[in-house]
file entry_3.cif (mmCIF, C-alpha atoms, pLDDT in the B column; chains and numbers go by the auth columns)
data_data
loop_
_atom_site.group_PDB
_atom_site.id
_atom_site.type_symbol
_atom_site.label_atom_id
_atom_site.label_comp_id
_atom_site.label_asym_id
_atom_site.label_seq_id
_atom_site.Cartn_x
_atom_site.Cartn_y
_atom_site.Cartn_z
_atom_site.B_iso_or_equiv
_atom_site.auth_seq_id
_atom_site.auth_asym_id
ATOM 1 C CA MET A 1 -17.869 7.451 -9.378 91.00 1 A
ATOM 2 C CA ILE A 2 -19.260 4.402 -11.137 96.00 2 A
ATOM 3 C CA LEU A 3 -20.858 1.633 -9.074 97.00 3 A
ATOM 4 C CA PHE A 4 -20.396 -1.689 -10.860 98.00 4 A
ATOM 5 C CA PRO A 5 -22.664 -4.639 -9.990 97.00 5 A
ATOM 6 C CA ALA A 6 -20.721 -7.894 -10.200 96.00 6 A
ATOM 7 C CA ILE A 7 -21.718 -11.077 -11.977 96.00 7 A
ATOM 8 C CA ASP A 8 -19.348 -13.946 -11.201 94.00 8 A
ATOM 9 C CA LEU A 9 -19.725 -16.971 -13.448 96.00 9 A
ATOM 10 C CA LYS A 10 -19.189 -20.571 -12.349 95.00 10 A
ATOM 11 C CA GLN A 11 -20.432 -23.455 -14.479 95.00 11 A
ATOM 12 C CA GLY A 12 -22.729 -21.092 -16.355 96.00 12 A
ATOM 13 C CA LYS A 13 -24.422 -19.713 -13.264 95.00 13 A
ATOM 14 C CA CYS A 14 -24.255 -16.463 -11.336 93.00 14 A
ATOM 15 C CA VAL A 15 -22.486 -17.078 -8.019 93.00 15 A
ATOM 16 C CA ARG A 16 -20.619 -15.337 -5.242 80.00 16 A
ATOM 17 C CA LEU A 17 -17.549 -16.692 -3.498 78.00 17 A
ATOM 18 C CA ARG A 18 -16.117 -16.085 -0.055 66.00 18 A
ATOM 19 C CA GLN A 19 -12.492 -14.888 -0.141 59.00 19 A
ATOM 20 C CA GLY A 20 -12.100 -16.300 -3.641 57.00 20 A
ATOM 21 C CA ASP A 21 -12.688 -19.889 -2.519 65.00 21 A
ATOM 22 C CA MET A 22 -14.369 -21.848 -5.328 69.00 22 A
ATOM 23 C CA ALA A 23 -15.557 -24.391 -2.758 68.00 23 A
ATOM 24 C CA GLN A 24 -17.565 -21.647 -1.049 68.00 24 A
ATOM 25 C CA ALA A 25 -19.766 -20.634 -3.965 77.00 25 A
ATOM 26 C CA THR A 26 -23.371 -19.570 -3.450 85.00 26 A
ATOM 27 C CA ILE A 27 -25.613 -19.672 -6.517 89.00 27 A
ATOM 28 C CA PHE A 28 -27.740 -16.536 -6.773 90.00 28 A
ATOM 29 C CA ASN A 29 -29.178 -16.915 -10.251 91.00 29 A
ATOM 30 C CA ASP A 30 -29.235 -19.788 -12.732 94.00 30 A
ATOM 31 C CA SER A 31 -29.465 -17.207 -15.532 97.00 31 A
ATOM 32 C CA PRO A 32 -26.615 -14.660 -15.630 97.00 32 A
ATOM 33 C CA ALA A 33 -28.385 -12.901 -18.518 98.00 33 A
ATOM 34 C CA ALA A 34 -31.519 -12.423 -16.434 97.00 34 A
ATOM 35 C CA GLN A 35 -29.396 -11.112 -13.582 97.00 35 A
ATOM 36 C CA ALA A 36 -27.685 -8.665 -15.920 98.00 36 A
ATOM 37 C CA ALA A 37 -31.028 -7.428 -17.230 98.00 37 A
ATOM 38 C CA SER A 38 -32.202 -6.969 -13.643 97.00 38 A
ATOM 39 C CA PHE A 39 -29.193 -4.799 -12.863 97.00 39 A
ATOM 40 C CA VAL A 40 -29.919 -2.652 -15.922 98.00 40 A
ATOM 41 C CA LYS A 41 -33.516 -2.279 -14.739 97.00 41 A
ATOM 42 C CA ASP A 42 -32.182 -1.153 -11.349 97.00 42 A
ATOM 43 C CA GLY A 43 -30.401 1.696 -13.121 98.00 43 A
ATOM 44 C CA PHE A 44 -26.782 0.570 -13.227 98.00 44 A
ATOM 45 C CA SER A 45 -24.736 1.938 -16.124 97.00 45 A
ATOM 46 C CA TYR A 46 -21.841 -0.548 -16.284 98.00 46 A
ATOM 47 C CA LEU A 47 -21.474 -4.282 -15.507 98.00 47 A
ATOM 48 C CA HIS A 48 -18.504 -6.128 -14.054 98.00 48 A
ATOM 49 C CA VAL A 49 -18.336 -9.807 -15.065 98.00 49 A
ATOM 50 C CA VAL A 50 -15.805 -12.464 -14.046 95.00 50 A
ATOM 51 C CA ASP A 51 -15.346 -15.888 -15.603 96.00 51 A
ATOM 52 C CA LEU A 52 -14.262 -17.699 -12.431 93.00 52 A
ATOM 53 C CA ASP A 53 -13.713 -21.026 -14.155 94.00 53 A
ATOM 54 C CA GLY A 54 -11.701 -19.244 -16.818 94.00 54 A
ATOM 55 C CA ALA A 55 -9.439 -17.672 -14.205 88.00 55 A
ATOM 56 C CA PHE A 56 -8.408 -21.144 -13.035 88.00 56 A
ATOM 57 C CA ALA A 57 -8.295 -22.706 -16.505 92.00 57 A
ATOM 58 C CA GLY A 58 -6.299 -19.872 -18.055 91.00 58 A
ATOM 59 C CA LYS A 59 -8.761 -19.573 -20.929 94.00 59 A
ATOM 60 C CA PRO A 60 -12.433 -18.615 -21.396 95.00 60 A
ATOM 61 C CA VAL A 61 -14.841 -21.211 -20.009 97.00 61 A
ATOM 62 C CA ASN A 62 -18.180 -19.437 -19.532 97.00 62 A
ATOM 63 C CA GLY A 63 -18.347 -17.968 -23.029 97.00 63 A
ATOM 64 C CA ALA A 64 -21.985 -18.889 -23.601 97.00 64 A
ATOM 65 C CA ALA A 65 -23.041 -17.108 -20.413 98.00 65 A
ATOM 66 C CA VAL A 66 -21.075 -13.995 -21.356 98.00 66 A
ATOM 67 C CA ASP A 67 -22.605 -14.019 -24.833 98.00 67 A
ATOM 68 C CA ALA A 68 -26.069 -14.210 -23.282 98.00 68 A
ATOM 69 C CA ILE A 69 -25.283 -11.260 -21.014 98.00 69 A
ATOM 70 C CA LEU A 70 -24.102 -9.167 -23.958 98.00 70 A
ATOM 71 C CA ASP A 71 -27.294 -10.019 -25.834 98.00 71 A
ATOM 72 C CA ALA A 72 -29.436 -9.077 -22.828 97.00 72 A
ATOM 73 C CA VAL A 73 -28.063 -5.606 -22.050 98.00 73 A
ATOM 74 C CA ASP A 74 -27.164 -2.419 -23.859 97.00 74 A
ATOM 75 C CA ILE A 75 -24.776 -0.948 -21.289 98.00 75 A
ATOM 76 C CA PRO A 76 -20.974 -1.364 -21.173 98.00 76 A
ATOM 77 C CA VAL A 77 -19.620 -4.648 -19.808 98.00 77 A
ATOM 78 C CA GLN A 78 -16.103 -5.363 -18.555 98.00 78 A
ATOM 79 C CA LEU A 79 -14.866 -8.951 -18.219 98.00 79 A
ATOM 80 C CA GLY A 80 -12.036 -10.655 -16.388 96.00 80 A
ATOM 81 C CA GLY A 81 -10.954 -14.275 -16.013 93.00 81 A
ATOM 82 C CA GLY A 82 -8.838 -16.423 -18.335 92.00 82 A
ATOM 83 C CA ILE A 83 -7.730 -13.568 -20.610 95.00 83 A
ATOM 84 C CA ARG A 84 -4.086 -14.315 -21.318 93.00 84 A
ATOM 85 C CA ASP A 85 -3.434 -13.823 -25.029 95.00 85 A
ATOM 86 C CA MET A 86 -4.119 -11.275 -27.761 97.00 86 A
ATOM 87 C CA HIS A 87 -6.480 -13.551 -29.646 97.00 87 A
ATOM 88 C CA THR A 88 -8.757 -13.872 -26.620 97.00 88 A
ATOM 89 C CA ILE A 89 -8.795 -10.108 -26.115 98.00 89 A
ATOM 90 C CA ALA A 90 -9.677 -9.469 -29.758 98.00 90 A
ATOM 91 C CA ALA A 91 -12.388 -12.134 -29.743 97.00 91 A
ATOM 92 C CA TRP A 92 -14.085 -10.713 -26.642 97.00 92 A
ATOM 93 C CA LEU A 93 -13.946 -7.124 -27.838 98.00 93 A
ATOM 94 C CA ASP A 94 -15.330 -8.165 -31.215 98.00 94 A
ATOM 95 C CA LYS A 95 -18.300 -9.684 -29.401 97.00 95 A
ATOM 96 C CA GLY A 96 -19.127 -6.343 -27.832 97.00 96 A
ATOM 97 C CA LEU A 97 -17.298 -6.143 -24.514 98.00 97 A
ATOM 98 C CA SER A 98 -16.273 -2.613 -23.638 98.00 98 A
ATOM 99 C CA ARG A 99 -13.229 -3.621 -21.655 98.00 99 A
ATOM 100 C CA VAL A 100 -11.218 -6.726 -20.756 98.00 100 A
ATOM 101 C CA ILE A 101 -9.441 -7.186 -17.436 97.00 101 A
ATOM 102 C CA ILE A 102 -6.046 -8.892 -17.373 95.00 102 A
ATOM 103 C CA GLY A 103 -5.006 -10.394 -14.048 87.00 103 A
ATOM 104 C CA THR A 104 -2.561 -13.287 -13.911 83.00 104 A
ATOM 105 C CA ALA A 105 -0.934 -12.352 -17.225 88.00 105 A
ATOM 106 C CA ALA A 106 -0.203 -8.871 -15.856 89.00 106 A
ATOM 107 C CA VAL A 107 2.139 -10.486 -13.330 87.00 107 A
ATOM 108 C CA ARG A 108 3.546 -13.187 -15.584 87.00 108 A
ATOM 109 C CA ASP A 109 3.973 -11.085 -18.732 92.00 109 A
ATOM 110 C CA PRO A 110 3.673 -7.305 -18.240 93.00 110 A
ATOM 111 C CA GLU A 111 4.848 -6.665 -21.802 95.00 111 A
ATOM 112 C CA PHE A 112 1.746 -8.477 -23.035 96.00 112 A
ATOM 113 C CA VAL A 113 -0.407 -5.986 -21.144 96.00 113 A
ATOM 114 C CA ARG A 114 1.527 -3.038 -22.520 96.00 114 A
ATOM 115 C CA GLU A 115 1.195 -4.304 -26.081 97.00 115 A
ATOM 116 C CA ALA A 116 -2.508 -5.046 -25.629 98.00 116 A
ATOM 117 C CA ALA A 117 -3.139 -1.546 -24.283 97.00 117 A
ATOM 118 C CA LYS A 118 -1.510 -0.080 -27.396 97.00 118 A
ATOM 119 C CA ILE A 119 -3.461 -2.263 -29.807 97.00 119 A
ATOM 120 C CA PHE A 120 -6.781 -1.790 -27.986 98.00 120 A
ATOM 121 C CA PRO A 121 -6.595 1.717 -26.468 97.00 121 A
ATOM 122 C CA GLY A 122 -9.035 2.367 -23.661 97.00 122 A
ATOM 123 C CA GLN A 123 -10.211 -1.243 -23.603 98.00 123 A
ATOM 124 C CA VAL A 124 -7.635 -2.999 -21.428 98.00 124 A
ATOM 125 C CA ALA A 125 -7.722 -2.903 -17.627 98.00 125 A
ATOM 126 C CA VAL A 126 -5.505 -4.658 -15.092 96.00 126 A
ATOM 127 C CA GLY A 127 -6.911 -6.652 -12.202 93.00 127 A
ATOM 128 C CA ILE A 128 -4.793 -6.463 -9.058 91.00 128 A
ATOM 129 C CA ASP A 129 -6.006 -9.000 -6.520 86.00 129 A
ATOM 130 C CA ALA A 130 -4.129 -8.852 -3.236 84.00 130 A
ATOM 131 C CA ARG A 131 -3.945 -10.939 -0.093 80.00 131 A
ATOM 132 C CA ASN A 132 -2.058 -9.448 2.860 74.00 132 A
ATOM 133 C CA GLY A 133 -0.601 -6.809 0.582 72.00 133 A
ATOM 134 C CA PHE A 134 0.763 -9.171 -2.072 78.00 134 A
ATOM 135 C CA VAL A 135 -0.684 -9.895 -5.486 84.00 135 A
ATOM 136 C CA ALA A 136 -2.375 -13.276 -5.997 76.00 136 A
ATOM 137 C CA VAL A 137 -2.642 -15.036 -9.368 68.00 137 A
ATOM 138 C CA GLU A 138 -4.170 -18.115 -11.017 59.00 138 A
ATOM 139 C CA GLY A 139 -7.690 -17.410 -9.798 49.00 139 A
ATOM 140 C CA TRP A 140 -6.280 -16.186 -6.457 50.00 140 A
ATOM 141 C CA ALA A 141 -4.862 -19.646 -5.764 54.00 141 A
ATOM 142 C CA GLU A 142 -1.181 -18.595 -5.851 56.00 142 A
ATOM 143 C CA ALA A 143 0.660 -15.744 -4.144 66.00 143 A
ATOM 144 C CA SER A 144 3.333 -13.662 -5.853 64.00 144 A
ATOM 145 C CA THR A 145 6.095 -11.579 -4.286 71.00 145 A
ATOM 146 C CA LEU A 146 4.808 -8.332 -5.796 83.00 146 A
ATOM 147 C CA SER A 147 3.015 -5.646 -3.835 89.00 147 A
ATOM 148 C CA SER A 148 -0.047 -4.003 -5.370 90.00 148 A
ATOM 149 C CA ILE A 149 1.717 -0.683 -5.821 92.00 149 A
ATOM 150 C CA GLU A 150 4.766 -2.318 -7.423 92.00 150 A
ATOM 151 C CA LEU A 151 2.567 -4.063 -9.963 92.00 151 A
ATOM 152 C CA GLY A 152 0.504 -0.974 -10.674 94.00 152 A
ATOM 153 C CA ARG A 153 3.582 1.138 -11.321 95.00 153 A
ATOM 154 C CA ARG A 154 4.671 -1.264 -14.064 93.00 154 A
ATOM 155 C CA PHE A 155 1.822 0.047 -16.202 96.00 155 A
ATOM 156 C CA GLU A 156 1.941 3.768 -15.440 94.00 156 A
ATOM 157 C CA ASP A 157 2.897 4.731 -18.993 92.00 157 A
ATOM 158 C CA ALA A 158 1.218 1.819 -20.773 95.00 158 A
ATOM 159 C CA GLY A 159 -2.176 3.337 -21.527 96.00 159 A
ATOM 160 C CA VAL A 160 -4.081 0.960 -19.257 97.00 160 A
ATOM 161 C CA ALA A 161 -7.698 2.123 -18.904 97.00 161 A
ATOM 162 C CA ALA A 162 -8.138 1.219 -15.232 97.00 162 A
ATOM 163 C CA ILE A 163 -6.946 -0.927 -12.370 97.00 163 A
ATOM 164 C CA ILE A 164 -9.466 -3.039 -10.481 95.00 164 A
ATOM 165 C CA TYR A 165 -8.084 -3.566 -6.996 93.00 165 A
ATOM 166 C CA THR A 166 -9.543 -6.404 -4.928 89.00 166 A
ATOM 167 C CA ASP A 167 -8.732 -7.221 -1.316 84.00 167 A
ATOM 168 C CA ILE A 168 -9.244 -10.995 -1.431 78.00 168 A
ATOM 169 C CA THR A 169 -9.601 -11.342 2.337 67.00 169 A
ATOM 170 C CA ARG A 170 -12.643 -9.068 2.227 65.00 170 A
ATOM 171 C CA ASP A 171 -14.245 -10.370 -0.961 54.00 171 A
ATOM 172 C CA GLY A 172 -17.690 -11.794 -0.282 52.00 172 A
ATOM 173 C CA MET A 173 -17.282 -11.254 3.456 51.00 173 A
ATOM 174 C CA MET A 174 -19.469 -8.134 3.792 59.00 174 A
ATOM 175 C CA GLN A 175 -16.844 -6.467 5.995 66.00 175 A
ATOM 176 C CA GLY A 176 -16.466 -3.249 4.048 78.00 176 A
ATOM 177 C CA LEU A 177 -13.918 -2.196 1.441 88.00 177 A
ATOM 178 C CA ASP A 178 -10.208 -1.827 2.095 86.00 178 A
ATOM 179 C CA PHE A 179 -10.483 1.950 1.977 89.00 179 A
ATOM 180 C CA SER A 180 -6.944 2.754 3.108 87.00 180 A
ATOM 181 C CA GLY A 181 -5.249 0.196 0.854 87.00 181 A
ATOM 182 C CA THR A 182 -7.281 1.192 -2.189 91.00 182 A
ATOM 183 C CA LEU A 183 -6.711 4.891 -1.612 92.00 183 A
ATOM 184 C CA SER A 184 -2.962 4.347 -1.151 92.00 184 A
ATOM 185 C CA LEU A 185 -2.861 2.586 -4.516 93.00 185 A
ATOM 186 C CA ALA A 186 -4.907 5.324 -6.202 94.00 186 A
ATOM 187 C CA LYS A 187 -2.634 8.041 -4.826 94.00 187 A
ATOM 188 C CA ALA A 188 0.480 6.172 -5.973 95.00 188 A
ATOM 189 C CA LEU A 189 -0.738 5.900 -9.574 96.00 189 A
ATOM 190 C CA THR A 190 -2.169 8.080 -12.306 95.00 190 A
ATOM 191 C CA ILE A 191 -4.212 5.152 -13.676 97.00 191 A
ATOM 192 C CA PRO A 192 -7.872 5.228 -12.534 96.00 192 A
ATOM 193 C CA VAL A 193 -8.452 2.750 -9.682 97.00 193 A
ATOM 194 C CA ILE A 194 -11.693 0.855 -9.024 97.00 194 A
ATOM 195 C CA ALA A 195 -12.251 -0.605 -5.553 94.00 195 A
ATOM 196 C CA SER A 196 -13.478 -4.165 -5.105 91.00 196 A
ATOM 197 C CA GLY A 197 -13.932 -6.689 -2.323 85.00 197 A
ATOM 198 C CA GLY A 198 -16.223 -6.372 0.669 84.00 198 A
ATOM 199 C CA LEU A 199 -18.560 -3.458 -0.125 92.00 199 A
ATOM 200 C CA ALA A 200 -21.277 -4.183 2.413 89.00 200 A
ATOM 201 C CA SER A 201 -23.786 -1.362 2.822 93.00 201 A
ATOM 202 C CA ILE A 202 -24.914 2.130 1.990 96.00 202 A
ATOM 203 C CA GLU A 203 -22.422 3.384 4.564 94.00 203 A
ATOM 204 C CA ASP A 204 -19.599 2.148 2.335 94.00 204 A
ATOM 205 C CA VAL A 205 -21.069 4.090 -0.586 96.00 205 A
ATOM 206 C CA LYS A 206 -21.309 7.225 1.559 95.00 206 A
ATOM 207 C CA HIS A 207 -17.688 6.701 2.578 93.00 207 A
ATOM 208 C CA LEU A 208 -16.615 6.465 -1.059 94.00 208 A
ATOM 209 C CA LEU A 209 -18.310 9.779 -1.792 95.00 209 A
ATOM 210 C CA LEU A 210 -16.278 11.675 0.806 94.00 210 A
ATOM 211 C CA PRO A 211 -13.898 14.247 -0.730 93.00 211 A
ATOM 212 C CA GLU A 212 -10.778 12.298 0.243 91.00 212 A
ATOM 213 C CA TYR A 213 -11.872 9.400 -1.966 93.00 213 A
ATOM 214 C CA ALA A 214 -12.407 11.498 -5.086 90.00 214 A
ATOM 215 C CA ALA A 215 -9.311 9.849 -6.565 90.00 215 A
ATOM 216 C CA LEU A 216 -11.194 6.564 -6.965 94.00 216 A
ATOM 217 C CA ALA A 217 -12.935 5.927 -10.292 95.00 217 A
ATOM 218 C CA GLY A 218 -15.548 3.564 -8.904 96.00 218 A
ATOM 219 C CA ALA A 219 -16.344 0.511 -6.845 96.00 219 A
ATOM 220 C CA ILE A 220 -17.648 -3.000 -7.461 95.00 220 A
ATOM 221 C CA THR A 221 -20.415 -4.517 -5.380 94.00 221 A
ATOM 222 C CA GLY A 222 -21.562 -8.124 -5.377 91.00 222 A
ATOM 223 C CA ARG A 223 -22.884 -10.021 -2.375 90.00 223 A
ATOM 224 C CA ALA A 224 -24.328 -6.884 -0.761 92.00 224 A
ATOM 225 C CA LEU A 225 -26.704 -6.513 -3.714 94.00 225 A
ATOM 226 C CA TYR A 226 -27.628 -10.195 -3.806 93.00 226 A
ATOM 227 C CA ASP A 227 -28.158 -10.502 -0.053 90.00 227 A
ATOM 228 C CA GLY A 228 -30.063 -7.226 0.216 92.00 228 A
ATOM 229 C CA GLY A 229 -27.454 -5.453 2.327 93.00 229 A
ATOM 230 C CA LEU A 230 -27.295 -2.679 -0.257 96.00 230 A
ATOM 231 C CA ASP A 231 -30.318 -1.117 -1.926 97.00 231 A
ATOM 232 C CA ALA A 232 -29.432 -0.354 -5.547 97.00 232 A
ATOM 233 C CA GLY A 233 -31.837 2.562 -5.859 97.00 233 A
ATOM 234 C CA GLU A 234 -30.584 4.261 -2.712 97.00 234 A
ATOM 235 C CA ALA A 235 -26.940 3.821 -3.676 97.00 235 A
ATOM 236 C CA LEU A 236 -27.380 5.113 -7.227 98.00 236 A
ATOM 237 C CA ALA A 237 -29.447 8.066 -5.995 97.00 237 A
ATOM 238 C CA LEU A 238 -26.652 9.062 -3.603 96.00 238 A
ATOM 239 C CA ILE A 239 -24.077 8.881 -6.389 97.00 239 A
ATOM 240 C CA ALA A 240 -26.282 10.914 -8.747 96.00 240 A
ATOM 241 C CA LYS A 241 -26.826 13.552 -6.063 94.00 241 A
ATOM 242 C CA LYS A 242 -23.090 13.854 -5.441 90.00 242 A
ATOM 243 C CA LYS A 243 -22.428 14.147 -9.181 90.00 243 A
ATOM 244 C CA ALA A 244 -25.015 16.926 -9.484 90.00 244 A
ATOM 245 C CA GLN A 245 -23.391 18.829 -6.625 88.00 245 A
ATOM 246 C CA LEU A 246 -20.027 18.709 -8.359 84.00 246 A
ATOM 247 C CA CYS A 247 -21.342 19.895 -11.731 79.00 247 A
#
call {"tool": "encode", "arguments": {"input": "entry_3.cif", "output": "structure tokens"}}
result
Amino acid sequence: MILFPAIDLKQGKCVRLRQGDMAQATIFNDSPAAQAASFVKDGFSYLHVVDLDGAFAGKPVNGAAVDAILDAVDIPVQLGGGIRDMHTIAAWLDKGLSRVIIGTAAVRDPEFVREAAKIFPGQVAVGIDARNGFVAVEGWAEASTLSSIELGRRFEDAGVAAIIYTDITRDGMMQGLDFSGTLSLAKALTIPVIASGGLASIEDVKHLLLPEYAALAGAITGRALYDGGLDAGEALALIAKKKAQLC
């Protein structure tokens, strides 16, 4: 299991939201690049970055901050937010991103996702952000009529690298992950699923390492790291120990 530290970008700064509400943004670092470097120093092996402004605008907005992050670290970085055409995907991957995450466009134009996954194998993921079981789009501002599983099944044979599943009602709330919902999605699909939204403590990490959650490919953590609710060293040590036991 990979534990991804999250860097959410708003107006060039590293922030965290509550339930996806842009009006409830807390600034945690004026320098996203410095924050990224700090996560690398902590021992993380993969970064999760979201261009929040881009998600609402439908196009990249925090490009300079992403560029600075890529210059500051030498570990893989995945990015979501405002990625809705092939040119944007190609431009980001050319800059050194390991993976792009398509959210709104996955609902609006699933064929675009399928084509992108063929052109850029292993480098296209789908972000499924759900509220009360239904997928939300446009930076979580609009609800669709699709369930998470219905959307995920659209891409079963498309070559999508991963699905990042976020329970919006838990995001930034420090209430724990939606374990049952995420596991149900993972069991319904063959695509690797990454859990996101609400990871609050070391107990959540221990929960993820239970045998029944072996189907999950990883989890994203944000506010718990920034607020000190989760100790990076302790969490990564637990994951490394579990990996060693399985080898």
call {"tool": "residues_around", "arguments": {"input": "entry_3.cif", "residues": "Gln11 (chain A)", "least_positions_apart": "5", "cutoff": "9 Å", "atoms": "all atoms listed in the file", "output": "short mmCIF file (atom, residue, chain, number, x, y, z; two decimals) with C-alpha atoms, in the frame of the given file"}}
result
data_model
loop_
_atom_site.label_atom_id
_atom_site.label_comp_id
_atom_site.auth_asym_id
_atom_site.auth_seq_id
_atom_site.Cartn_x
_atom_site.Cartn_y
_atom_site.Cartn_z
CA LEU A 52 -14.26 -17.70 -12.43
CA ASP A 53 -13.71 -21.03 -14.16
CA VAL A 61 -14.84 -21.21 -20.01
CA ASN A 62 -18.18 -19.44 -19.53
#
call {"tool": "resolve_selection", "arguments": {"input": "entry_3.cif", "expression": "the PyMOL selection byres ((chain A and resi 206) around 12)", "output": "tab-separated table (two decimals) with C-alpha atoms, in the coordinates of the input"}}
result
chain	number	residue	atom	x	y	z
A	1	MET	CA	-17.87	7.45	-9.38
A	176	GLY	CA	-16.47	-3.25	4.05
A	177	LEU	CA	-13.92	-2.20	1.44
A	199	LEU	CA	-18.56	-3.46	-0.12
A	200	ALA	CA	-21.28	-4.18	2.41
A	201	SER	CA	-23.79	-1.36	2.82
A	202	ILE	CA	-24.91	2.13	1.99
A	203	GLU	CA	-22.42	3.38	4.56
A	204	ASP	CA	-19.60	2.15	2.34
A	205	VAL	CA	-21.07	4.09	-0.59
A	207	HIS	CA	-17.69	6.70	2.58
A	208	LEU	CA	-16.61	6.46	-1.06
A	209	LEU	CA	-18.31	9.78	-1.79
A	210	LEU	CA	-16.28	11.68	0.81
A	211	PRO	CA	-13.90	14.25	-0.73
A	212	GLU	CA	-10.78	12.30	0.24
A	213	TYR	CA	-11.87	9.40	-1.97
A	214	ALA	CA	-12.41	11.50	-5.09
A	219	ALA	CA	-16.34	0.51	-6.84
A	230	LEU	CA	-27.30	-2.68	-0.26
A	234	GLU	CA	-30.58	4.26	-2.71
A	235	ALA	CA	-26.94	3.82	-3.68
A	236	LEU	CA	-27.38	5.11	-7.23
A	237	ALA	CA	-29.45	8.07	-6.00
A	238	LEU	CA	-26.65	9.06	-3.60
A	239	ILE	CA	-24.08	8.88	-6.39
A	241	LYS	CA	-26.83	13.55	-6.06
A	242	LYS	CA	-23.09	13.85	-5.44
call {"tool": "residues_around", "arguments": {"input": "entry_3.cif", "residues": "Phe112 (chain A)", "least_positions_apart": "4", "cutoff": "12 Å", "atoms": "only C-alpha atoms", "output": "list in words"}}
result
Ile83, Arg84, Asp85, Met86, His87, Ile89, Ile102, Gly103, Thr104, Ala105, Ala106, Val107, Arg108, Ala116, Ala117, Lys118, Ile119, Phe120, Val124, Val126, Arg154, Phe155, Ala158 and Val160 of chain A
call {"tool": "residues_near_point", "arguments": {"input": "entry_3.cif", "point": "(-19.5, -7.5, -15.6)", "cutoff": "10 Å", "atoms": "all atoms listed in the file", "output": "list of chain:residue names"}}
result
A:Phe4, A:Pro5, A:Ala6, A:Ile7, A:Asp8, A:Leu9, A:Ala36, A:Tyr46, A:Leu47, A:His48, A:Val49, A:Val50, A:Asp51, A:Val66, A:Ile69, A:Leu70, A:Pro76, A:Val77, A:Gln78, A:Leu79, A:Gly80, A:Leu97, A:Ser98, A:Arg99, A:Val100, A:Ile220
call {"tool": "resolve_selection", "arguments": {"input": "entry_3.cif", "expression": "the PyMOL selection byres ((chain A and resi 26) around 8)", "output": "PyMOL selection string"}}
result
chain A and resi 15-17+24-25+27-28
call {"tool": "write_last_selection", "arguments": {"input": "entry_3.cif", "atoms": "C-alpha atoms", "output": "short mmCIF file (atom, residue, chain, number, x, y, z; two decimals), keeping the file's coordinate frame"}}
result
data_model
loop_
_atom_site.label_atom_id
_atom_site.label_comp_id
_atom_site.auth_asym_id
_atom_site.auth_seq_id
_atom_site.Cartn_x
_atom_site.Cartn_y
_atom_site.Cartn_z
CA VAL A 15 -22.49 -17.08 -8.02
CA ARG A 16 -20.62 -15.34 -5.24
CA LEU A 17 -17.55 -16.69 -3.50
CA GLN A 24 -17.57 -21.65 -1.05
CA ALA A 25 -19.77 -20.63 -3.96
CA ILE A 27 -25.61 -19.67 -6.52
CA PHE A 28 -27.74 -16.54 -6.77
#
call {"tool": "closest_residue", "arguments": {"input": "entry_3.cif", "among": "A:Gly43, A:Gly181, A:Gly96, A:Pro192", "to": "Ala68 (chain A)", "atoms": "only C-alpha atoms"}}
result
A:Gly96
call {"tool": "atom_distance", "arguments": {"input": "entry_3.cif", "atom1": "CA of Asp129 (chain A)", "atom2": "CA of Gly82 (chain A)"}}
result
14.2 Å
call {"tool": "atom_distance", "arguments": {"input": "entry_3.cif", "atom1": "CA of Asp109 (chain A)", "atom2": "CA of Thr182 (chain A)"}}
result
23.5 Å
call {"tool": "closest_residue", "arguments": {"input": "entry_3.cif", "among": "A:Ser180, A:Ser147, A:Ser31, A:Ser196", "to": "Leu3 (chain A)", "atoms": "all atoms listed in the file"}}
result
A:Ser196
call {"tool": "closest_residue", "arguments": {"input": "entry_3.cif", "among": "A:Gly222, A:Gly127, A:Gly122, A:Gly228", "to": "Ile164 (chain A)", "atoms": "all atoms listed in the file"}}
result
A:Gly127
call {"tool": "residues_around", "arguments": {"input": "entry_3.cif", "residues": "Ala37 (chain A)", "least_positions_apart": "6", "cutoff": "10 Å", "atoms": "only C-alpha atoms", "output": "list of chain:residue names"}}
result
A:Phe44, A:Ile69, A:Leu70, A:Asp71, A:Ala72, A:Val73, A:Asp74, A:Ile75
